[in-house]
Amino acid sequence: MADDNEVTVTIDGEDVVVSSERLRADRVARLFFGGVLGARPINDGWRCPKRKQTVASLVVRVNTFLEAKGWTVKRVGIADEAVQREIERKRSFQRTRETASAFRFGDSPLESFDIKSALKELGWNDAARDLRDHQTKGLLHGLAAINMANFSVPGSGKTATTLATAVTHIGSNTIDTIVVVGPLSCFRPWENEVKTAIPTFLTAKRIRGTAAQRRTAYSAVRSKHLILVSYATAASDRIQLIELCRRFRVMLIVDESHRVKRFRGGTWAPALLEIAKHARVRMILSGTPMPQSGKDLYTQINILWPAGELTGPRDTFSANVDRHFPSVLSTLQPFISRTPKSALGLGPYQVLIHDVPITGTQAEIYQLIEGGFRKRLEDADSWRDKLDVLRRAKPIRLLQAAANPDVLNSPDSFYRLPRIEGGSPTLMERLAAYRQIETPAKSLAAVELVREVAASGSKVVCWSNFVRNLDQFSKLISERIGIPCFQIDGRVPAGDETENDAVGLPRLNPEDADTRERIIDQFLNLNGPAVLVTNPASCSESISLHSSCHNAIYLDRTYDCALFLQSIDRIHRLGLPADTEVRVHILVASLNGRVTIDDLVQAALARKEGTMRQLLEGAELRPFNLVLDPLDSAQGDDVDLAALLHFLLGEDR
């Protein structure tokens, strides 16, 4: 006797056909098939179009609905195969979750696995790249979780850990080829790790050049190749990368994955999500995975598990983050590895504060700007009004004047600031003539510090947030000391042709152009003393200077504590010899024996540092809640502005 509740599901071309004598009469089924799926009725059921999903996904969706409503589903041919694959995928995910959870709680047979011996058999050079304990643990966790996020702190050796994981997968015949997608600045670290750790086993290749050149490069990829692709290239070459995943069993590694954190929209994130669906193994790496909020994890985690096993639907994930983020993290935790900075065994760095009196025309300019702020505040009544007036007046102008008044004479594209105009005639006269009259006090003090470092044969990185100041300081170093001086800022190209194409810039010839990567190589590999002059915005991630540079000088700092600490990480990271002294010199302007805005910044950063270190360097994973606008970050939060307001009003707190 036929089952009255039986439904037959078949696939016909790109449609899913659902047949049953009683199905058309069921009100809930009519709502689902007609309203939700947009299916059209047929004699004995419904014909469902696939629309934007795959036919296999549609079959699974239909099957899930019918079984949940108590129908007996008879799947025919490839419809049954699609459902069985989905069932196996879910079972596989559950097994992996259990294995990863067991590892997290120290109950995994992998804990006793001699991974170092296994790597050595594959050709790993442990004399040159001996994995630290935290890296070995991260490697074993990666093997247990299969698709894993390494969110260890910046400078913890995530590249080496992930490379060792990939090599182990190749050695166990899980994958054939490795695809690394990331910013161009990560390419050289990956190439160096391959060259150092396992040069006879893997071949690292960059995918660069024109579209035709890149197609040729993809066709030349073989097993045991590690290819490096920029985010922009991956978005442009999505089809070629998917085809590569069909030709080989690919391990996809997304470096600096917070760059694809967009919760909705964009071009990079959707492309990587599509590519990830075709990769055999997936890993993501970031030291700062949540710059703004827990929602930053959504796209990154879905690169690991593209069917949404860990996140669920977008809106559900968003609601869960808002409702109780710790429970979201608890769900994700088996697939996340994080090493705090305290586990790296690094000695502390030395911070040296240098008082720099500003005098002459610079002092006059600083006082005139300060006076202008006070005058504006006189017209504001309430405290809130005064704060609003101060914010609109752009306190960053005081930071510029304390660093180098001449930066006020030109627009700043990074902070979207125009040149200063409309000030008092006295101020404008002083600014117009400033560069011909004197050299900024902090620049002169920094030159003497550079001279001391150079005399010892060492290298130093000099930081300033203002590009015009970088230009003038580089020239000053060349004129007064004469040692090699290298400069990197936003005008120096990253060097990726596809990224330039995307924003309409001229295509670069890598052999002709100076790129950030090449400049850093020249600086680090030069014998003897040298200076790198740069800004935190251009060298805050994927840049390692610690191999030969252990000194930093800050000509100026803003209220942005995260950017400041990340800049220190460039020279204070894993790989430093135990006896290396890392020195951080901070120049603080004073005026006629009294403090300036530099002292307020110093106090603000000291106040923020403990919290920010916990976010950047602690074992617990938490969102930073960073401000998106660089100018707002540089000028500080309400507490910072309140302190500046008290200072300008001459009030003690």
# chains A, B, ... in the order shown; residues from 1 in each chain; ligands from 1

call {"tool": "select_by_dssp", "arguments": {"residues": "segment 426-620 of chain A", "states": "alpha helix (DSSP H)", "output": "PyMOL selection string"}}
result
chain A and resi 426-437+441-455+467-480+497-502+516-525+561-568+597-617

call {"tool": "residues_around", "arguments": {"residues": "Ile553 of chain A", "least_positions_apart": "5", "cutoff": "7 Å", "atoms": "only C-alpha atoms", "output": "list in words"}}
result
Val461, Cys462, Trp463, Val584, His585 and Ile586 of chain A

call {"tool": "write_last_selection", "arguments": {"atoms": "N, CA and C atoms", "output": "compact mmCIF listing (two decimals), in the first residue's frame"}}
result
# COMPACT_ATOMS: atom_id res chain seq x y z
N VAL A 461 64.69 52.72 13.17
CA VAL A 461 63.49 53.13 12.44
C VAL A 461 62.94 54.37 13.13
N CYS A 462 62.63 55.39 12.32
CA CYS A 462 62.12 56.66 12.84
C CYS A 462 60.67 56.82 12.39
N TRP A 463 59.78 57.07 13.35
CA TRP A 463 58.36 57.12 13.08
C TRP A 463 57.81 58.54 13.18
N VAL A 584 63.33 52.03 22.62
CA VAL A 584 62.28 52.86 22.04
C VAL A 584 62.45 54.28 22.59
N HIS A 585 62.82 55.20 21.72
CA HIS A 585 63.03 56.60 22.10
C HIS A 585 61.80 57.41 21.74
N ILE A 586 61.26 58.12 22.72
CA ILE A 586 60.06 58.93 22.51
C ILE A 586 60.39 60.39 22.79

call {"tool": "closest_atom_pairs", "arguments": {"of": "segment 179-276 of chain A", "to": "segment 283-304 of chain A", "cutoff": "7 Å", "atoms": "only C-alpha atoms", "output": "tab-separated table"}}
result
residue	atom	partner	partner_atom	distance
A:Leu252	CA	A:Met283	CA	6.3
A:Ile253	CA	A:Met283	CA	4.8
A:Val254	CA	A:Ile284	CA	4.7
A:Asp255	CA	A:Leu285	CA	4.8
A:Glu256	CA	A:Ser286	CA	4.6
A:Ser257	CA	A:Ser286	CA	5.5
A:His258	CA	A:Pro289	CA	5.0
A:Val260	CA	A:Gln300	CA	6.8
A:Lys261	CA	A:Asp296	CA	4.7
A:Arg262	CA	A:Asp296	CA	6.6
A:Phe263	CA	A:Asp296	CA	6.4
A:Ala269	CA	A:Thr299	CA	6.8
A:Leu272	CA	A:Ile303	CA	6.9
A:Leu273	CA	A:Ile303	CA	5.3
A:Ala276	CA	A:Ile303	CA	5.7

call {"tool": "write_last_selection", "arguments": {"atoms": "N, CA and C atoms", "output": "short mmCIF file (atom, residue, chain, number, x, y, z; two decimals), in the first residue's frame"}}
result
data_model
loop_
_atom_site.label_atom_id
_atom_site.label_comp_id
_atom_site.auth_asym_id
_atom_site.auth_seq_id
_atom_site.Cartn_x
_atom_site.Cartn_y
_atom_site.Cartn_z
N LEU A 252 44.04 26.30 1.31
CA LEU A 252 43.90 27.75 1.19
C LEU A 252 44.27 28.40 2.51
N ILE A 253 45.22 29.33 2.47
CA ILE A 253 45.65 30.08 3.66
C ILE A 253 45.37 31.55 3.39
N VAL A 254 44.60 32.18 4.25
CA VAL A 254 44.30 33.61 4.12
C VAL A 254 45.05 34.35 5.22
N ASP A 255 46.06 35.11 4.83
CA ASP A 255 46.91 35.82 5.78
C ASP A 255 46.38 37.23 6.00
N GLU A 256 46.54 37.72 7.23
CA GLU A 256 45.96 39.03 7.62
C GLU A 256 44.47 39.02 7.27
N SER A 257 43.78 38.00 7.76
CA SER A 257 42.40 37.75 7.33
C SER A 257 41.43 38.85 7.76
N HIS A 258 41.82 39.69 8.71
CA HIS A 258 40.92 40.79 9.10
C HIS A 258 40.69 41.76 7.95
N VAL A 260 39.48 40.97 5.22
CA VAL A 260 38.22 40.58 4.57
C VAL A 260 37.12 40.42 5.61
N LYS A 261 37.10 41.33 6.58
CA LYS A 261 36.16 41.25 7.69
C LYS A 261 34.79 41.82 7.37
N ARG A 262 34.62 42.44 6.20
CA ARG A 262 33.35 43.14 5.92
C ARG A 262 32.17 42.22 6.14
N PHE A 263 31.23 42.69 6.95
CA PHE A 263 30.06 41.87 7.29
C PHE A 263 29.14 41.70 6.08
N ALA A 269 35.90 39.64 -0.02
CA ALA A 269 35.31 38.61 0.83
C ALA A 269 34.45 37.62 0.03
N LEU A 272 36.71 35.22 -1.93
CA LEU A 272 37.41 34.23 -1.10
C LEU A 272 36.45 33.17 -0.55
N LEU A 273 35.23 33.57 -0.22
CA LEU A 273 34.26 32.59 0.25
C LEU A 273 33.95 31.57 -0.84
N ALA A 276 36.98 29.31 -1.21
CA ALA A 276 37.12 28.42 -0.05
C ALA A 276 36.25 27.18 -0.16
#

call {"tool": "residues_around", "arguments": {"residues": "segment 137-142 of chain A", "least_positions_apart": "5", "cutoff": "6 Å", "atoms": "only C-alpha atoms", "output": "ChimeraX atom specification"}}
result
/A:148,161,165

call {"tool": "write_last_selection", "arguments": {"atoms": "N, CA and C atoms", "output": "short mmCIF file (atom, residue, chain, number, x, y, z; two decimals), in the first residue's frame"}}
result
data_model
loop_
_atom_site.label_atom_id
_atom_site.label_comp_id
_atom_site.auth_asym_id
_atom_site.auth_seq_id
_atom_site.Cartn_x
_atom_site.Cartn_y
_atom_site.Cartn_z
N MET A 148 41.26 25.85 10.48
CA MET A 148 41.51 26.52 11.75
C MET A 148 41.94 27.96 11.57
N THR A 161 54.42 28.43 11.79
CA THR A 161 53.49 27.43 12.31
C THR A 161 52.58 26.89 11.22
N THR A 165 52.27 23.20 9.32
CA THR A 165 50.99 22.49 9.22
C THR A 165 50.74 22.05 7.78
#

call {"tool": "closest_residue", "arguments": {"among": "A:Ala606, A:Leu66, A:Leu23, A:Leu184", "to": "Thr233 of chain A", "atoms": "only C-alpha atoms"}}
result
A:Leu184

call {"tool": "closest_atom_pairs", "arguments": {"of": "segment 355-460 of chain A", "to": "segment 469-482 of chain A", "cutoff": "12 Å", "atoms": "only C-alpha atoms", "output": "CSV"}}
result
residue,atom,partner,partner_atom,distance
A:Leu399,CA,A:Asn469,CA,11.9
A:Gln400,CA,A:Asn469,CA,9.1
A:Ala401,CA,A:Asn469,CA,10.9
A:Ala402,CA,A:Asn469,CA,11.4
A:Ala403,CA,A:Asn469,CA,7.9
A:Asn404,CA,A:Asn469,CA,6.5
A:Pro405,CA,A:Asn469,CA,9.1
A:Asp406,CA,A:Asn469,CA,7.9
A:Val407,CA,A:Asn469,CA,6.4
A:Leu408,CA,A:Asn469,CA,10.2
A:Asn409,CA,A:Asn469,CA,11.2
A:Ser410,CA,A:Asn469,CA,10.8
A:Asp412,CA,A:Asn469,CA,10.9
A:Arg435,CA,A:Gln472,CA,9.7
A:Thr439,CA,A:Leu476,CA,9.1
A:Pro440,CA,A:Phe473,CA,9.5
A:Ala441,CA,A:Phe473,CA,11.5
A:Lys442,CA,A:Phe473,CA,10.0
A:Ser443,CA,A:Phe473,CA,6.5
A:Leu444,CA,A:Leu476,CA,8.6
A:Ala445,CA,A:Phe473,CA,11.1
A:Ala446,CA,A:Phe473,CA,8.9
A:Val447,CA,A:Ile477,CA,6.5
A:Glu448,CA,A:Ile481,CA,9.1
A:Leu449,CA,A:Ile477,CA,11.0
A:Val450,CA,A:Ile477,CA,8.3
A:Arg451,CA,A:Ile481,CA,6.8
A:Glu452,CA,A:Ile481,CA,10.5
A:Val453,CA,A:Ile481,CA,11.3
A:Ala454,CA,A:Ile481,CA,8.9
A:Ala455,CA,A:Ile481,CA,10.3
A:Val460,CA,A:Ile477,CA,11.9

call {"tool": "atom_distance", "arguments": {"atom1": "atom CA of Ile353 of chain A", "atom2": "atom CA of Arg594 of chain A"}}
result
15.6 Å

call {"tool": "residues_around", "arguments": {"residues": "Asp599 of chain A", "least_positions_apart": "3", "cutoff": "8 Å", "atoms": "only C-alpha atoms", "output": "list in words"}}
result
Val588, Ala589, Val595, Thr596, Gln602 and Ala603 of chain A

call {"tool": "write_last_selection", "arguments": {"atoms": "C-alpha atoms", "output": "PDB file, in the first residue's frame"}}
result
ATOM      1  CA  VAL A 588      58.152  64.870  24.026  1.00  0.00           C
ATOM      2  CA  ALA A 589      57.988  68.603  23.354  1.00  0.00           C
ATOM      3  CA  VAL A 595      53.955  70.621  29.238  1.00  0.00           C
ATOM      4  CA  THR A 596      52.468  70.511  25.751  1.00  0.00           C
ATOM      5  CA  GLN A 602      51.903  60.350  26.781  1.00  0.00           C
ATOM      6  CA  ALA A 603      49.440  60.199  29.690  1.00  0.00           C
TER       7      ALA A 603
END

call {"tool": "select_by_dssp", "arguments": {"residues": "segment 34-244 of chain A", "states": "strand (DSSP E)", "output": "ChimeraX atom specification"}}
result
/A:40-42,45-49,72-75,148-150,177-182,203-206,225-230

call {"tool": "closest_residue", "arguments": {"among": "A:Arg51, A:Pro418, A:Val389, A:Arg374", "to": "Phe647 of chain A", "atoms": "only C-alpha atoms"}}
result
A:Arg374

call {"tool": "residues_around", "arguments": {"residues": "Cys485 of chain A", "least_positions_apart": "5", "cutoff": "6 Å", "atoms": "only C-alpha atoms", "output": "JSON, numbers by chain"}}
result
{"A": [530, 531, 532]}

call {"tool": "atom_distance", "arguments": {"atom1": "atom CA of Phe523 of chain A", "atom2": "atom CA of Ile543 of chain A"}}
result
12.4 Å

call {"tool": "closest_residue", "arguments": {"among": "A:Asp176, A:Asp114, A:Glu581, A:Glu274", "to": "Tyr349 of chain A", "atoms": "only C-alpha atoms"}}
result
A:Glu581

call {"tool": "closest_residue", "arguments": {"among": "A:Ala393, A:Val36, A:Cys245, A:Leu368", "to": "Met428 of chain A", "atoms": "only C-alpha atoms"}}
result
A:Leu368

call {"tool": "atom_distance", "arguments": {"atom1": "atom CA of Asp237 of chain A", "atom2": "atom CA of Ile146 of chain A"}}
result
25.4 Å

call {"tool": "closest_residue", "arguments": {"among": "A:Val351, A:Val28, A:Val250, A:Leu417", "to": "Val582 of chain A", "atoms": "only C-alpha atoms"}}
result
A:Val351

call {"tool": "residues_around", "arguments": {"residues": "segment 104-108 of chain A", "least_positions_apart": "4", "cutoff": "9 Å", "atoms": "only C-alpha atoms", "output": "list in words"}}
result
Thr99, Ala100, Ser112, His141, Ala144, Gln333, Pro334, Phe335 and Ser337 of chain A

call {"tool": "residues_around", "arguments": {"residues": "segment 60-62 of chain A", "least_positions_apart": "3", "cutoff": "10 Å", "atoms": "only C-alpha atoms", "output": "list of chain:residue names"}}
result
A:Val9, A:Val16, A:Val17, A:Val18, A:Phe32, A:Phe33, A:Leu37, A:Cys48, A:Val55, A:Ala56, A:Ser57, A:Phe65, A:Leu66, A:Glu67, A:Ala68, A:Val73, A:Ala79, A:Asp80, A:Ala82, A:Val83, A:Gln84, A:Arg85, A:Glu86, A:Ile87

call {"tool": "write_last_selection", "arguments": {"atoms": "C-alpha atoms", "output": "tab-separated table (two decimals), in the first residue's frame"}}
result
chain	number	residue	atom	x	y	z
A	9	VAL	CA	12.28	14.39	-5.13
A	16	VAL	CA	14.24	20.27	-8.38
A	17	VAL	CA	10.93	18.49	-8.96
A	18	VAL	CA	8.84	17.53	-5.93
A	32	PHE	CA	7.16	27.16	1.41
A	33	PHE	CA	7.34	26.08	-2.22
A	37	LEU	CA	11.31	29.03	-3.08
A	48	CYS	CA	11.63	24.55	-7.92
A	55	VAL	CA	20.93	22.51	-7.29
A	56	ALA	CA	22.52	20.34	-4.58
A	57	SER	CA	21.88	23.02	-1.94
A	65	PHE	CA	11.81	21.02	5.07
A	66	LEU	CA	9.87	17.91	4.08
A	67	GLU	CA	11.40	15.67	6.74
A	68	ALA	CA	10.87	18.34	9.39
A	73	VAL	CA	10.99	11.57	1.26
A	79	ALA	CA	19.00	14.05	-5.64
A	80	ASP	CA	19.72	11.25	-3.17
A	82	ALA	CA	23.28	15.35	-2.93
A	83	VAL	CA	21.48	14.68	0.35
A	84	GLN	CA	23.87	11.88	1.29
A	85	ARG	CA	26.82	14.17	0.66
A	86	GLU	CA	25.23	16.79	2.91
A	87	ILE	CA	24.64	14.21	5.62

call {"tool": "closest_residue", "arguments": {"among": "A:Val59, A:Leu398, A:Ile365, A:Leu387", "to": "Thr8 of chain A", "atoms": "only C-alpha atoms"}}
result
A:Val59

call {"tool": "decode", "arguments": {"residues": "segment 618-630 of chain A", "atoms": "N, CA and C atoms", "output": "mmCIF file, in the first residue's frame"}}
result
data_model
loop_
_atom_site.group_PDB
_atom_site.id
_atom_site.type_symbol
_atom_site.label_atom_id
_atom_site.label_comp_id
_atom_site.auth_asym_id
_atom_site.auth_seq_id
_atom_site.Cartn_x
_atom_site.Cartn_y
_atom_site.Cartn_z
ATOM 1 N N GLY A 618 47.068 39.601 24.855
ATOM 2 C CA GLY A 618 46.592 38.653 25.852
ATOM 3 C C GLY A 618 46.112 37.345 25.253
ATOM 4 N N ALA A 619 45.842 36.399 26.143
ATOM 5 C CA ALA A 619 45.378 35.078 25.701
ATOM 6 C C ALA A 619 43.912 35.102 25.308
ATOM 7 N N GLU A 620 43.160 36.018 25.889
ATOM 8 C CA GLU A 620 41.726 36.090 25.601
ATOM 9 C C GLU A 620 41.480 36.844 24.297
ATOM 10 N N LEU A 621 40.539 36.342 23.529
ATOM 11 C CA LEU A 621 40.205 36.957 22.240
ATOM 12 C C LEU A 621 39.028 37.903 22.435
ATOM 13 N N ARG A 622 39.269 39.198 22.155
ATOM 14 C CA ARG A 622 38.209 40.190 22.339
ATOM 15 C C ARG A 622 38.271 41.213 21.205
ATOM 16 N N PRO A 623 37.114 41.826 20.885
ATOM 17 C CA PRO A 623 37.133 42.888 19.864
ATOM 18 C C PRO A 623 37.816 44.140 20.386
ATOM 19 N N PHE A 624 38.451 44.889 19.483
ATOM 20 C CA PHE A 624 39.160 46.106 19.857
ATOM 21 C C PHE A 624 38.228 47.296 20.000
ATOM 22 N N ASN A 625 37.132 47.286 19.231
ATOM 23 C CA ASN A 625 36.236 48.447 19.164
ATOM 24 C C ASN A 625 36.985 49.699 18.710
ATOM 25 N N LEU A 626 37.862 49.523 17.721
ATOM 26 C CA LEU A 626 38.636 50.650 17.216
ATOM 27 C C LEU A 626 37.761 51.576 16.385
ATOM 28 N N VAL A 627 38.113 52.853 16.400
ATOM 29 C CA VAL A 627 37.403 53.848 15.605
ATOM 30 C C VAL A 627 37.831 53.703 14.149
ATOM 31 N N LEU A 628 36.867 53.754 13.237
ATOM 32 C CA LEU A 628 37.176 53.558 11.820
ATOM 33 C C LEU A 628 37.910 54.742 11.213
ATOM 34 N N ASP A 629 37.582 55.947 11.650
ATOM 35 C CA ASP A 629 38.170 57.148 11.061
ATOM 36 C C ASP A 629 39.561 57.385 11.643
ATOM 37 N N PRO A 630 40.616 57.402 10.805
ATOM 38 C CA PRO A 630 41.976 57.615 11.326
ATOM 39 C C PRO A 630 42.124 58.921 12.100
#
